[in-house]
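One file, final_26.txt, is given below (compact mmCIF, C-alpha atoms and all ligand atoms).
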```txt
# COMPACT_ATOMS: atom_id res chain seq x y z
CA MET F 1 9.22 15.25 -194.49
CA ASN F 2 8.50 16.53 -198.03
CA GLY F 3 10.67 13.91 -199.66
CA GLN F 4 13.51 16.46 -199.62
CA PHE F 5 16.72 14.46 -199.97
CA ASP F 6 18.22 14.71 -196.50
CA GLU F 7 21.79 14.12 -197.50
CA GLY F 8 23.23 14.54 -194.03
CA ILE F 9 26.93 15.20 -193.68
CA THR F 10 28.94 12.16 -194.69
CA LEU F 11 32.44 11.53 -193.39
CA ASP F 12 33.69 12.13 -196.94
CA ARG F 13 32.00 15.54 -197.05
CA PHE F 14 33.43 16.42 -193.60
CA ILE F 15 36.91 15.38 -194.77
CA TYR F 16 36.54 17.41 -197.98
CA GLU F 17 35.35 20.53 -196.17
CA THR F 18 38.01 20.40 -193.46
CA THR F 19 40.69 19.71 -196.09
CA ARG F 20 39.56 22.81 -198.02
CA ALA F 21 40.03 24.78 -194.78
CA HIS F 22 43.75 23.91 -194.94
CA PRO F 23 45.05 25.45 -198.21
CA THR F 24 48.43 23.77 -197.77
CA ALA F 25 46.80 20.32 -197.50
CA THR F 26 48.19 17.77 -199.96
CA GLY F 27 45.14 15.53 -199.61
CA GLN F 28 47.14 12.79 -197.88
CA PHE F 29 45.31 13.25 -194.58
CA ALA F 30 41.98 13.07 -196.42
CA THR F 31 43.11 9.90 -198.16
CA LEU F 32 44.22 8.37 -194.87
CA LEU F 33 40.81 9.01 -193.29
CA ARG F 34 38.97 7.64 -196.33
CA GLN F 35 41.06 4.45 -196.28
CA LEU F 36 40.56 4.14 -192.52
CA SER F 37 36.82 4.49 -193.07
CA LEU F 38 36.97 1.63 -195.59
CA ALA F 39 38.91 -0.56 -193.15
CA ALA F 40 36.42 0.30 -190.39
CA ARG F 41 33.53 -0.87 -192.59
CA LEU F 42 35.32 -4.11 -193.41
CA VAL F 43 36.10 -4.81 -189.74
CA SER F 44 32.58 -3.83 -188.66
CA ASN F 45 31.09 -6.22 -191.18
CA ARG F 46 33.32 -9.05 -189.98
CA VAL F 47 32.77 -8.30 -186.26
CA ASN F 48 29.01 -8.29 -186.76
CA ARG F 49 29.16 -11.71 -188.45
CA ALA F 50 31.95 -13.16 -186.30
CA GLY F 51 29.86 -16.05 -185.04
CA LEU F 52 28.74 -16.89 -188.56
CA ALA F 53 32.05 -16.34 -190.31
CA GLY F 54 34.01 -18.70 -188.04
CA MET F 55 35.82 -15.66 -186.67
CA LEU F 56 35.18 -16.28 -183.03
CA GLY F 57 37.83 -17.59 -180.71
CA GLY F 58 41.56 -17.57 -180.61
CA THR F 59 44.19 -18.45 -183.19
CA GLY F 60 46.17 -20.39 -180.59
CA ASP F 61 48.92 -17.77 -180.78
CA VAL F 62 50.14 -15.37 -178.10
CA ASN F 63 51.05 -11.79 -179.09
CA VAL F 64 53.87 -9.54 -177.99
CA GLN F 65 51.70 -8.50 -175.04
CA GLY F 66 51.52 -12.12 -173.88
CA GLU F 67 47.80 -12.16 -174.69
CA PHE F 68 45.94 -14.88 -176.57
CA VAL F 69 45.38 -13.62 -180.10
CA GLN F 70 41.80 -13.66 -181.33
CA LYS F 71 41.08 -14.34 -185.00
CA LEU F 72 39.42 -10.94 -185.28
CA ASP F 73 42.54 -9.23 -183.84
CA ILE F 74 44.55 -10.51 -186.78
CA TYR F 75 41.84 -9.69 -189.28
CA ALA F 76 41.53 -6.10 -188.04
CA ASN F 77 45.32 -5.62 -187.87
CA GLU F 78 45.91 -6.88 -191.40
CA THR F 79 42.87 -5.14 -192.91
CA ILE F 80 43.91 -1.71 -191.61
CA LYS F 81 47.53 -2.14 -192.68
CA ARG F 82 46.52 -3.27 -196.20
CA ALA F 83 44.07 -0.36 -196.50
CA LEU F 84 46.70 2.25 -195.57
CA GLU F 85 50.05 0.99 -196.88
CA HIS F 86 49.44 1.51 -200.63
CA ALA F 87 47.58 4.85 -200.46
CA GLY F 88 50.69 7.09 -200.48
CA CYS F 89 49.73 8.81 -197.20
CA VAL F 90 51.52 6.74 -194.54
CA CYS F 91 55.24 6.01 -194.10
CA ALA F 92 55.03 3.69 -191.08
CA MET F 93 52.57 2.03 -188.76
CA ALA F 94 52.82 0.65 -185.23
CA SER F 95 50.29 -1.79 -183.83
CA GLU F 96 49.61 -3.32 -180.45
CA GLU F 97 49.55 -6.63 -182.30
CA ASP F 98 53.02 -6.28 -183.86
CA GLU F 99 56.35 -6.48 -182.06
CA GLY F 100 58.01 -3.75 -184.12
CA PRO F 101 57.06 -0.93 -186.49
CA TYR F 102 55.67 -1.71 -189.94
CA PHE F 103 57.48 0.44 -192.49
CA VAL F 104 55.57 0.90 -195.74
CA PRO F 105 57.11 -1.37 -198.43
CA GLU F 106 59.37 0.43 -200.92
CA ARG F 107 56.98 -0.36 -203.81
CA PHE F 108 54.59 2.17 -202.26
CA TYR F 109 55.11 5.92 -201.77
CA SER F 110 56.31 6.69 -198.22
CA GLY F 111 53.80 9.34 -197.26
CA ARG F 112 53.57 12.12 -194.70
CA TYR F 113 51.89 10.35 -191.75
CA VAL F 114 52.64 7.75 -189.08
CA PHE F 115 49.70 5.63 -187.93
CA HIS F 116 49.44 3.95 -184.51
CA MET F 117 46.66 1.51 -183.61
CA ASP F 118 45.19 -0.98 -181.26
CA PRO F 119 43.39 -2.76 -184.09
CA LEU F 120 40.77 -4.44 -181.93
CA ASP F 121 40.75 -3.43 -178.28
CA GLY F 122 38.68 -5.48 -175.87
CA SER F 123 38.99 -8.54 -178.08
CA SER F 124 38.67 -10.82 -175.05
CA ASN F 125 35.02 -9.72 -175.12
CA ILE F 126 34.42 -10.86 -178.70
CA ASP F 127 33.09 -14.31 -177.81
CA VAL F 128 30.53 -12.80 -175.42
CA ASN F 129 29.36 -10.23 -177.99
CA ALA F 130 30.40 -7.20 -175.92
CA THR F 131 31.30 -3.88 -177.57
CA ILE F 132 34.88 -3.64 -178.87
CA GLY F 133 36.82 -1.06 -180.83
CA THR F 134 39.76 0.11 -182.92
CA ILE F 135 41.87 2.89 -181.36
CA PHE F 136 44.22 5.05 -183.47
CA ALA F 137 46.55 8.03 -183.41
CA ILE F 138 48.08 9.92 -186.34
CA TYR F 139 51.43 11.77 -186.33
CA ARG F 140 53.31 13.72 -188.99
CA ARG F 141 56.64 12.04 -189.77
CA ARG F 142 59.94 13.65 -188.72
CA SER F 143 62.00 12.42 -191.67
CA GLU F 144 61.67 13.61 -195.29
CA GLU F 145 58.55 12.49 -197.14
CA GLY F 146 59.27 9.98 -199.90
CA THR F 147 62.22 8.46 -198.03
CA PRO F 148 62.10 5.30 -195.88
CA ALA F 149 60.79 6.06 -192.39
CA THR F 150 62.76 5.27 -189.22
CA LEU F 151 61.99 4.41 -185.58
CA ASP F 152 62.46 8.11 -184.82
CA ASP F 153 59.30 8.74 -186.86
CA VAL F 154 57.37 6.08 -184.94
CA LEU F 155 58.34 6.40 -181.24
CA ARG F 156 56.83 9.79 -180.34
CA PRO F 157 55.49 11.77 -177.34
CA GLY F 158 51.72 12.15 -177.25
CA ARG F 159 51.91 15.90 -177.74
CA ASP F 160 53.07 15.22 -181.34
CA ILE F 161 49.67 13.72 -182.25
CA VAL F 162 47.85 15.60 -185.05
CA ALA F 163 44.64 13.52 -184.96
CA ALA F 164 43.29 10.54 -183.02
CA GLY F 165 40.15 8.60 -182.37
CA TYR F 166 38.48 5.25 -182.32
CA VAL F 167 35.93 3.08 -184.08
CA ILE F 168 33.41 1.52 -181.70
CA TYR F 169 31.68 -1.68 -182.84
CA GLY F 170 28.57 -1.73 -180.65
CA SER F 171 24.82 -1.47 -181.26
CA GLY F 172 26.02 0.72 -184.12
CA THR F 173 29.46 1.39 -185.60
CA ILE F 174 30.72 4.89 -184.89
CA ILE F 175 33.98 6.60 -185.84
CA VAL F 176 34.95 9.23 -183.27
CA LEU F 177 37.58 11.56 -184.75
CA ALA F 178 39.45 14.25 -182.81
CA THR F 179 41.44 16.94 -184.62
CA ASP F 180 42.31 20.56 -183.90
CA ALA F 181 38.75 21.28 -185.08
CA GLY F 182 37.28 19.33 -182.14
CA VAL F 183 35.68 15.92 -181.71
CA GLN F 184 33.10 14.57 -184.17
CA GLY F 185 31.20 11.25 -184.26
CA PHE F 186 30.12 9.55 -187.48
CA THR F 187 27.64 6.65 -187.43
CA LEU F 188 27.67 3.95 -190.11
CA ASP F 189 24.47 3.34 -192.04
CA PRO F 190 25.14 -0.32 -192.93
CA ALA F 191 22.45 -0.28 -195.62
CA LEU F 192 24.34 2.46 -197.48
CA GLY F 193 27.87 1.63 -196.30
CA GLU F 194 28.29 5.31 -195.46
CA PHE F 195 29.30 7.13 -192.26
CA PHE F 196 27.10 10.15 -191.41
CA LEU F 197 27.85 12.92 -188.90
CA SER F 198 25.77 11.93 -185.87
CA HIS F 199 27.66 13.53 -182.95
CA PRO F 200 28.85 17.03 -183.97
CA ASP F 201 31.28 18.76 -181.59
CA ILE F 202 31.36 16.22 -178.75
CA ARG F 203 32.12 17.95 -175.44
CA LEU F 204 32.40 16.30 -172.03
CA GLN F 205 29.42 17.36 -169.97
CA PRO F 206 31.04 19.70 -167.39
CA GLU F 207 28.99 18.56 -164.43
CA ALA F 208 26.67 15.70 -165.31
CA ARG F 209 23.88 15.15 -162.77
CA THR F 210 24.74 11.45 -162.61
CA LYS F 211 28.45 10.81 -162.73
CA THR F 212 29.90 7.47 -163.79
CA TYR F 213 33.09 5.88 -162.53
CA SER F 214 34.58 2.91 -164.35
CA VAL F 215 37.14 0.74 -162.58
CA ASN F 216 37.68 -2.97 -162.02
CA GLU F 217 37.07 -3.12 -158.26
CA GLY F 218 38.25 -6.73 -158.25
CA TYR F 219 41.80 -5.34 -157.97
CA ALA F 220 41.00 -2.93 -155.09
CA ALA F 221 43.27 -4.83 -152.68
CA SER F 222 46.30 -3.90 -154.76
CA TRP F 223 45.45 -0.31 -155.68
CA PRO F 224 47.90 2.45 -154.81
CA PRO F 225 47.38 4.23 -151.45
CA GLY F 226 44.46 6.65 -151.39
CA LEU F 227 42.57 5.21 -154.33
CA ARG F 228 40.37 2.86 -152.32
CA GLU F 229 39.30 5.71 -150.05
CA TYR F 230 38.59 7.88 -153.11
CA VAL F 231 36.39 5.22 -154.75
CA GLU F 232 34.60 4.57 -151.45
CA SER F 233 33.83 8.31 -151.24
CA LEU F 234 31.99 8.06 -154.57
CA LYS F 235 29.61 5.53 -152.98
CA ALA F 236 28.60 7.86 -150.14
CA PRO F 237 24.83 8.51 -149.94
CA GLY F 238 23.92 11.49 -152.08
CA ALA F 239 27.30 11.58 -153.87
CA GLY F 240 25.40 11.03 -157.15
CA TRP F 241 27.76 8.46 -158.69
CA ARG F 242 27.05 5.17 -160.49
CA SER F 243 29.47 2.38 -161.40
CA ARG F 244 29.72 1.06 -164.95
CA TYR F 245 32.52 -1.21 -166.12
CA ILE F 246 32.34 -3.27 -169.34
CA GLY F 247 35.99 -4.32 -169.41
CA SER F 248 36.36 -2.96 -172.93
CA LEU F 249 38.25 0.34 -172.87
CA VAL F 250 36.62 1.84 -175.97
CA ALA F 251 33.12 1.03 -174.65
CA ASP F 252 33.81 2.39 -171.16
CA PHE F 253 35.56 5.48 -172.51
CA HIS F 254 32.86 6.25 -175.11
CA ARG F 255 30.02 6.04 -172.58
CA ASN F 256 31.84 8.41 -170.23
CA LEU F 257 32.69 10.77 -173.10
CA ILE F 258 29.01 11.01 -174.06
CA THR F 259 27.43 11.09 -170.57
CA GLY F 260 30.28 12.30 -168.34
CA GLY F 261 32.41 10.41 -165.87
CA VAL F 262 35.87 9.00 -165.24
CA PHE F 263 37.69 5.78 -166.14
CA LEU F 264 40.41 4.46 -163.87
CA TYR F 265 43.00 1.78 -164.56
CA PRO F 266 45.62 2.14 -161.82
CA ALA F 267 48.83 0.22 -161.36
CA THR F 268 48.15 -3.10 -159.62
CA LYS F 269 50.30 -5.95 -158.31
CA LYS F 270 49.47 -7.83 -161.56
CA ASN F 271 50.36 -4.79 -163.69
CA PRO F 272 52.76 -2.63 -161.62
CA SER F 273 53.26 -0.21 -164.57
CA GLY F 274 49.57 -0.27 -165.41
CA LYS F 275 47.94 -2.55 -167.99
CA LEU F 276 47.06 -0.12 -170.78
CA ARG F 277 49.50 0.76 -173.56
CA VAL F 278 50.84 4.27 -173.84
CA LEU F 279 51.04 4.50 -177.63
CA PHE F 280 48.01 2.47 -178.65
CA GLU F 281 45.43 3.22 -175.94
CA ALA F 282 46.37 6.02 -173.53
CA PHE F 283 47.76 8.55 -176.03
CA PRO F 284 44.89 8.39 -178.56
CA LEU F 285 42.15 8.58 -175.92
CA ALA F 286 43.99 11.28 -173.99
CA TYR F 287 44.08 13.35 -177.20
CA VAL F 288 40.34 12.78 -177.75
CA VAL F 289 39.39 13.62 -174.17
CA GLU F 290 41.45 16.83 -174.11
CA LYS F 291 39.89 18.00 -177.39
CA ALA F 292 36.50 17.35 -175.73
CA GLY F 293 37.46 19.46 -172.68
CA GLY F 294 38.55 16.63 -170.40
CA ALA F 295 41.86 15.42 -168.95
CA ALA F 296 44.01 12.30 -168.72
CA THR F 297 46.89 11.55 -166.34
CA ASP F 298 48.89 8.55 -165.19
CA GLY F 299 48.20 9.59 -161.59
CA ARG F 300 51.07 12.09 -161.60
CA ARG F 301 51.50 13.75 -164.98
CA ARG F 302 49.55 14.52 -168.17
CA ILE F 303 49.40 11.40 -170.35
CA LEU F 304 50.31 13.34 -173.51
CA ASP F 305 53.54 14.55 -171.87
CA ILE F 306 54.86 10.98 -171.49
CA GLU F 307 58.02 10.40 -173.54
CA PRO F 308 57.82 6.67 -174.36
CA THR F 309 61.09 4.72 -174.49
CA HIS F 310 59.64 1.64 -176.18
CA LEU F 311 56.66 0.82 -178.41
CA HIS F 312 54.78 -1.38 -175.95
CA GLN F 313 55.23 0.72 -172.84
CA ARG F 314 52.31 0.60 -170.39
CA THR F 315 50.83 3.18 -168.03
CA PRO F 316 48.20 3.69 -165.37
CA LEU F 317 45.32 5.73 -166.83
CA PHE F 318 42.84 8.13 -165.22
CA ILE F 319 40.71 9.79 -167.91
CA GLY F 320 37.45 11.74 -168.18
CA ASN F 321 36.01 14.97 -166.81
CA ARG F 322 38.85 17.27 -165.81
CA VAL F 323 37.47 17.94 -162.31
CA HIS F 324 37.43 14.21 -161.46
CA VAL F 325 40.83 13.45 -163.01
CA GLU F 326 42.33 16.33 -161.03
CA ASP F 327 40.70 15.03 -157.81
CA ILE F 328 42.17 11.55 -158.36
CA THR F 329 45.61 12.90 -159.24
CA ARG F 330 45.61 15.06 -156.10
CA VAL F 331 44.44 12.16 -153.88
CA LEU F 332 47.22 9.91 -155.22
CA ALA F 333 49.85 12.63 -154.77
CA GLU F 334 48.72 13.35 -151.19
CA ALA F 335 48.81 9.62 -150.39
CA GLY F 336 52.33 9.45 -151.79
CA ALA F 337 51.44 6.95 -154.49
P1 LIG E 401 40.63 -5.92 -166.81
C1 LIG E 401 40.81 -5.31 -172.68
O1 LIG E 401 41.55 -6.50 -172.51
C2 LIG E 401 41.62 -4.18 -172.06
O2 LIG E 401 42.85 -4.05 -172.68
C3 LIG E 401 40.83 -2.88 -172.15
O3 LIG E 401 40.01 -2.83 -173.27
C4 LIG E 401 40.02 -2.89 -170.87
O4 LIG E 401 39.73 -1.59 -170.39
C5 LIG E 401 40.95 -3.61 -169.89
O5 LIG E 401 41.81 -4.44 -170.68
C6 LIG E 401 40.17 -4.47 -168.92
O6 LIG E 401 41.12 -5.04 -168.06
O7 LIG E 401 41.91 -6.22 -166.06
O8 LIG E 401 39.68 -5.06 -166.00
O9 LIG E 401 39.95 -7.13 -167.39
```

So that I can check it, write out the structure of this file as structure tokens.
Ligand code: P6P
Amino acid sequence: MNGQFDEGITLDRFIYETTRAHPTATGQFATLLRQLSLAARLVSNRVNRAGLAGMLGGTGDVNVQGEFVQKLDIYANETIKRALEHAGCVCAMASEEDEGPYFVPERFYSGRYVFHMDPLDGSSNIDVNATIGTIFAIYRRRSEEGTPATLDDVLRPGRDIVAAGYVIYGSGTIIVLATDAGVQGFTLDPALGEFFLSHPDIRLQPEARTKTYSVNEGYAASWPPGLREYVESLKAPGAGWRSRYIGSLVADFHRNLITGGVFLYPATKKNPSGKLRVLFEAFPLAYVVEKAGGAATDGRRRILDIEPTHLHQRTPLFIGNRVHVEDITRVLAEAGA
């Protein structure tokens, strides 16, 4: 190294260069990503100090999902909404933590985009210091910019997504962003407070030598017909599979995105419609995985083709390398699931 300043490609530079590639861009998408990056740094800082900042544990409340709310859930939810609402780029937000949509207050400009999020997925793992994440999807509004948004702007099919991704708070903090230009990963340098391009053009490895399957086998007794046989087939000698399950969707998904594999969360007796949320988990990750060359179904149809009828709708989710997702979908169809 000759002391040459190795600037690297910052998230800001990536945003600037991709914005320039869209001559009609108003800059609102760039602003949204910059504000999201700020919120991600604030949440990362708090997550990494949770034990010290008195941010561990629950608030004592139960959210719309019937789950115990963790202090960090609330912090992440409020931080992201505050970072986006005033920036003139968003007209409405929907969050796994909120019962209904959050329409940008009239004192702020009602911008072009709709923002969906699971502000802190896997939060039940916070107290045991396991990797957690923020999952998001971005849509262009249907109604006229500058006017108050409506539910018709917020409740959308996955194929309307224009960008999606997640922030993973693990050994490092990484923003994974999927757009029409592909999937890029940006790693936070906490000393500089800057995200740098660390994973350019993420593509699912077509046929990884070691394949990973991620499923909670504790529910095997209540899986749909055919699935138990399928998972057992992965354990056959020489099949070349390994099992990894953290119980934090962002962590399990990210590992499989980087090294190849498939994540399965089928319908169970406890969650007959599936546990994961269509808008806040399945749609964003299905968008990411398809932009990386993979696939995502609910066991019958493409996740992004689901037409949700309510904000907190749930779905089974099979997501990862296309060849494995297609195998699972075929097995379930043949078994009549
Ligand atoms: P189970 C975390 O609570 C979560 O919503 C996802 O992050 C994760 O994939 C799933 O639930 C784990 O669910 O039933 O295996 O504990």

Checklist line | Contacts with ligand LIG 401 (chain E) at most 9 Å, all atoms listed in the file counted, listed as JSON, numbers by chain | finding: {"F": [67, 120, 121, 122, 123, 124, 125, 132, 133, 215, 216, 217, 218, 219, 245, 246, 247, 248, 249, 250, 251, 252, 253, 263, 264, 265, 270, 271, 275, 276, 277, 281]}

Distance query Tyr139 (chain F) at most 8 Å, only C-alpha atoms, self and fewer than 2 positions along chain excluded, as a PDB file with C-alpha atoms, keeping the file's coordinate frame:
```pdb
ATOM      1  CA  TYR F 113      51.890  10.350-191.750  1.00  0.00           C
ATOM      2  CA  VAL F 114      52.640   7.750-189.080  1.00  0.00           C
ATOM      3  CA  PHE F 115      49.700   5.630-187.930  1.00  0.00           C
ATOM      4  CA  ALA F 137      46.550   8.030-183.410  1.00  0.00           C
ATOM      5  CA  ARG F 141      56.640  12.040-189.770  1.00  0.00           C
ATOM      6  CA  ASP F 160      53.070  15.220-181.340  1.00  0.00           C
ATOM      7  CA  ILE F 161      49.670  13.720-182.250  1.00  0.00           C
ATOM      8  CA  VAL F 162      47.850  15.600-185.050  1.00  0.00           C
ATOM      9  CA  ALA F 163      44.640  13.520-184.960  1.00  0.00           C
TER      10      ALA F 163
END
```

Note to self: What's the separation between CA of Thr147 (chain F) and CA of Ile74 (chain F), in Å to one decimal place?
What the structure shows: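 The value is 28.3 Å.
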
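Nearest residue to Arg34 (chain F), choosing from F:Glu99, F:Glu144, F:Asp152, F:Glu194 and counting only C-alpha atoms: F:Glu194.
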
Next item on the list: Return the single residue from F:Pro105, F:Gln65, F:Ala92, F:Leu227 that is closest to Thr268 (chain F), with distances computed using all atoms listed in the file.
Entry: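 Looking at the shortest contact to Thr268 (chain F), the residue is F:Leu227.
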
Note to self: Just to confirm, what's the straight-line distance from CA of Thr131 (chain F) to CA of Arg49 (chain F) in Å (one decimal)?
What the structure shows: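 Computed distance, CA of Thr131 (chain F) to CA of Arg49 (chain F), equals 13.6 Å.
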
Notebook entry, point to check: So which one's closest to His254 (chain F), F:Val289, F:Ala76, F:Ile328, F:Ile126? Using only C-alpha atoms, please.
Noted result: F:Val289

Next item on the list: For CA of Arg244 (chain F) and CA of Leu257 (chain F), quote the distance in Å rounded to one decimal.
Entry: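 CA of Leu257 (chain F) lies 13.0 Å from CA of Arg244 (chain F).
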
Margin query: Using all atoms listed in the file, which protein or nucleic acid residues come within 12 Å of Arg13 (chain F)? Drop anything in the same chain fewer than 6 positions from it, and give the result as a list in words.
Written below: Glu7, Thr19, Arg20, Ala30, Leu33, Arg34, Phe186, Glu194, Phe195, Phe196 and Leu197 of chain F

Selected residues, C-alpha atoms, written as a PDB file, keeping the file's coordinate frame, please.
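The result, stored in part-v6.pdb:
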```pdb
ATOM      1  CA  GLU F   7      21.790  14.120-197.500  1.00  0.00           C
ATOM      2  CA  THR F  19      40.690  19.710-196.090  1.00  0.00           C
ATOM      3  CA  ARG F  20      39.560  22.810-198.020  1.00  0.00           C
ATOM      4  CA  ALA F  30      41.980  13.070-196.420  1.00  0.00           C
ATOM      5  CA  LEU F  33      40.810   9.010-193.290  1.00  0.00           C
ATOM      6  CA  ARG F  34      38.970   7.640-196.330  1.00  0.00           C
ATOM      7  CA  PHE F 186      30.120   9.550-187.480  1.00  0.00           C
ATOM      8  CA  GLU F 194      28.290   5.310-195.460  1.00  0.00           C
ATOM      9  CA  PHE F 195      29.300   7.130-192.260  1.00  0.00           C
ATOM     10  CA  PHE F 196      27.100  10.150-191.410  1.00  0.00           C
ATOM     11  CA  LEU F 197      27.850  12.920-188.900  1.00  0.00           C
TER      12      LEU F 197
END
```

Completion step: region 94-108 of chain F with N, CA, C and O atoms as a tab-separated table (two decimals), keeping the file's coordinate frame:
```
chain	number	residue	atom	x	y	z
F	94	ALA	N	52.48	1.45	-186.41
F	94	ALA	CA	52.82	0.65	-185.23
F	94	ALA	C	51.51	0.13	-184.67
F	94	ALA	O	50.51	0.86	-184.62
F	95	SER	N	51.52	-1.16	-184.28
F	95	SER	CA	50.29	-1.79	-183.83
F	95	SER	C	50.53	-2.53	-182.53
F	95	SER	O	51.61	-3.13	-182.33
F	96	GLU	N	49.51	-2.54	-181.68
F	96	GLU	CA	49.61	-3.32	-180.45
F	96	GLU	C	49.85	-4.78	-180.75
F	96	GLU	O	50.41	-5.53	-179.96
F	97	GLU	N	49.44	-5.22	-181.95
F	97	GLU	CA	49.55	-6.63	-182.30
F	97	GLU	C	50.91	-7.00	-182.87
F	97	GLU	O	51.22	-8.18	-183.04
F	98	ASP	N	51.72	-6.00	-183.21
F	98	ASP	CA	53.02	-6.28	-183.86
F	98	ASP	C	54.17	-5.92	-182.94
F	98	ASP	O	54.12	-4.90	-182.26
F	99	GLU	N	55.21	-6.74	-182.95
F	99	GLU	CA	56.35	-6.48	-182.06
F	99	GLU	C	57.05	-5.16	-182.41
F	99	GLU	O	57.37	-4.36	-181.55
F	100	GLY	N	57.28	-4.95	-183.73
F	100	GLY	CA	58.01	-3.75	-184.12
F	100	GLY	C	57.19	-2.92	-185.10
F	100	GLY	O	56.08	-3.30	-185.48
F	101	PRO	N	57.77	-1.78	-185.54
F	101	PRO	CA	57.06	-0.93	-186.49
F	101	PRO	C	56.89	-1.64	-187.83
F	101	PRO	O	57.68	-2.52	-188.18
F	102	TYR	N	55.88	-1.22	-188.58
F	102	TYR	CA	55.67	-1.71	-189.94
F	102	TYR	C	55.98	-0.56	-190.88
F	102	TYR	O	55.23	0.42	-190.94
F	103	PHE	N	57.11	-0.63	-191.55
F	103	PHE	CA	57.48	0.44	-192.49
F	103	PHE	C	56.86	0.12	-193.85
F	103	PHE	O	56.93	-1.02	-194.32
F	104	VAL	N	56.24	1.11	-194.46
F	104	VAL	CA	55.57	0.90	-195.74
F	104	VAL	C	56.56	0.34	-196.76
F	104	VAL	O	57.66	0.86	-196.90
F	105	PRO	N	56.21	-0.76	-197.45
F	105	PRO	CA	57.11	-1.37	-198.43
F	105	PRO	C	57.55	-0.37	-199.49
F	105	PRO	O	56.80	0.53	-199.87
F	106	GLU	N	58.79	-0.56	-199.99
F	106	GLU	CA	59.37	0.43	-200.92
F	106	GLU	C	58.58	0.54	-202.23
F	106	GLU	O	58.69	1.54	-202.94
F	107	ARG	N	57.74	-0.45	-202.54
F	107	ARG	CA	56.98	-0.36	-203.81
F	107	ARG	C	55.86	0.68	-203.70
F	107	ARG	O	55.22	1.05	-204.69
F	108	PHE	N	55.61	1.14	-202.45
F	108	PHE	CA	54.59	2.17	-202.26
F	108	PHE	C	55.25	3.49	-201.85
F	108	PHE	O	56.33	3.50	-201.24
```
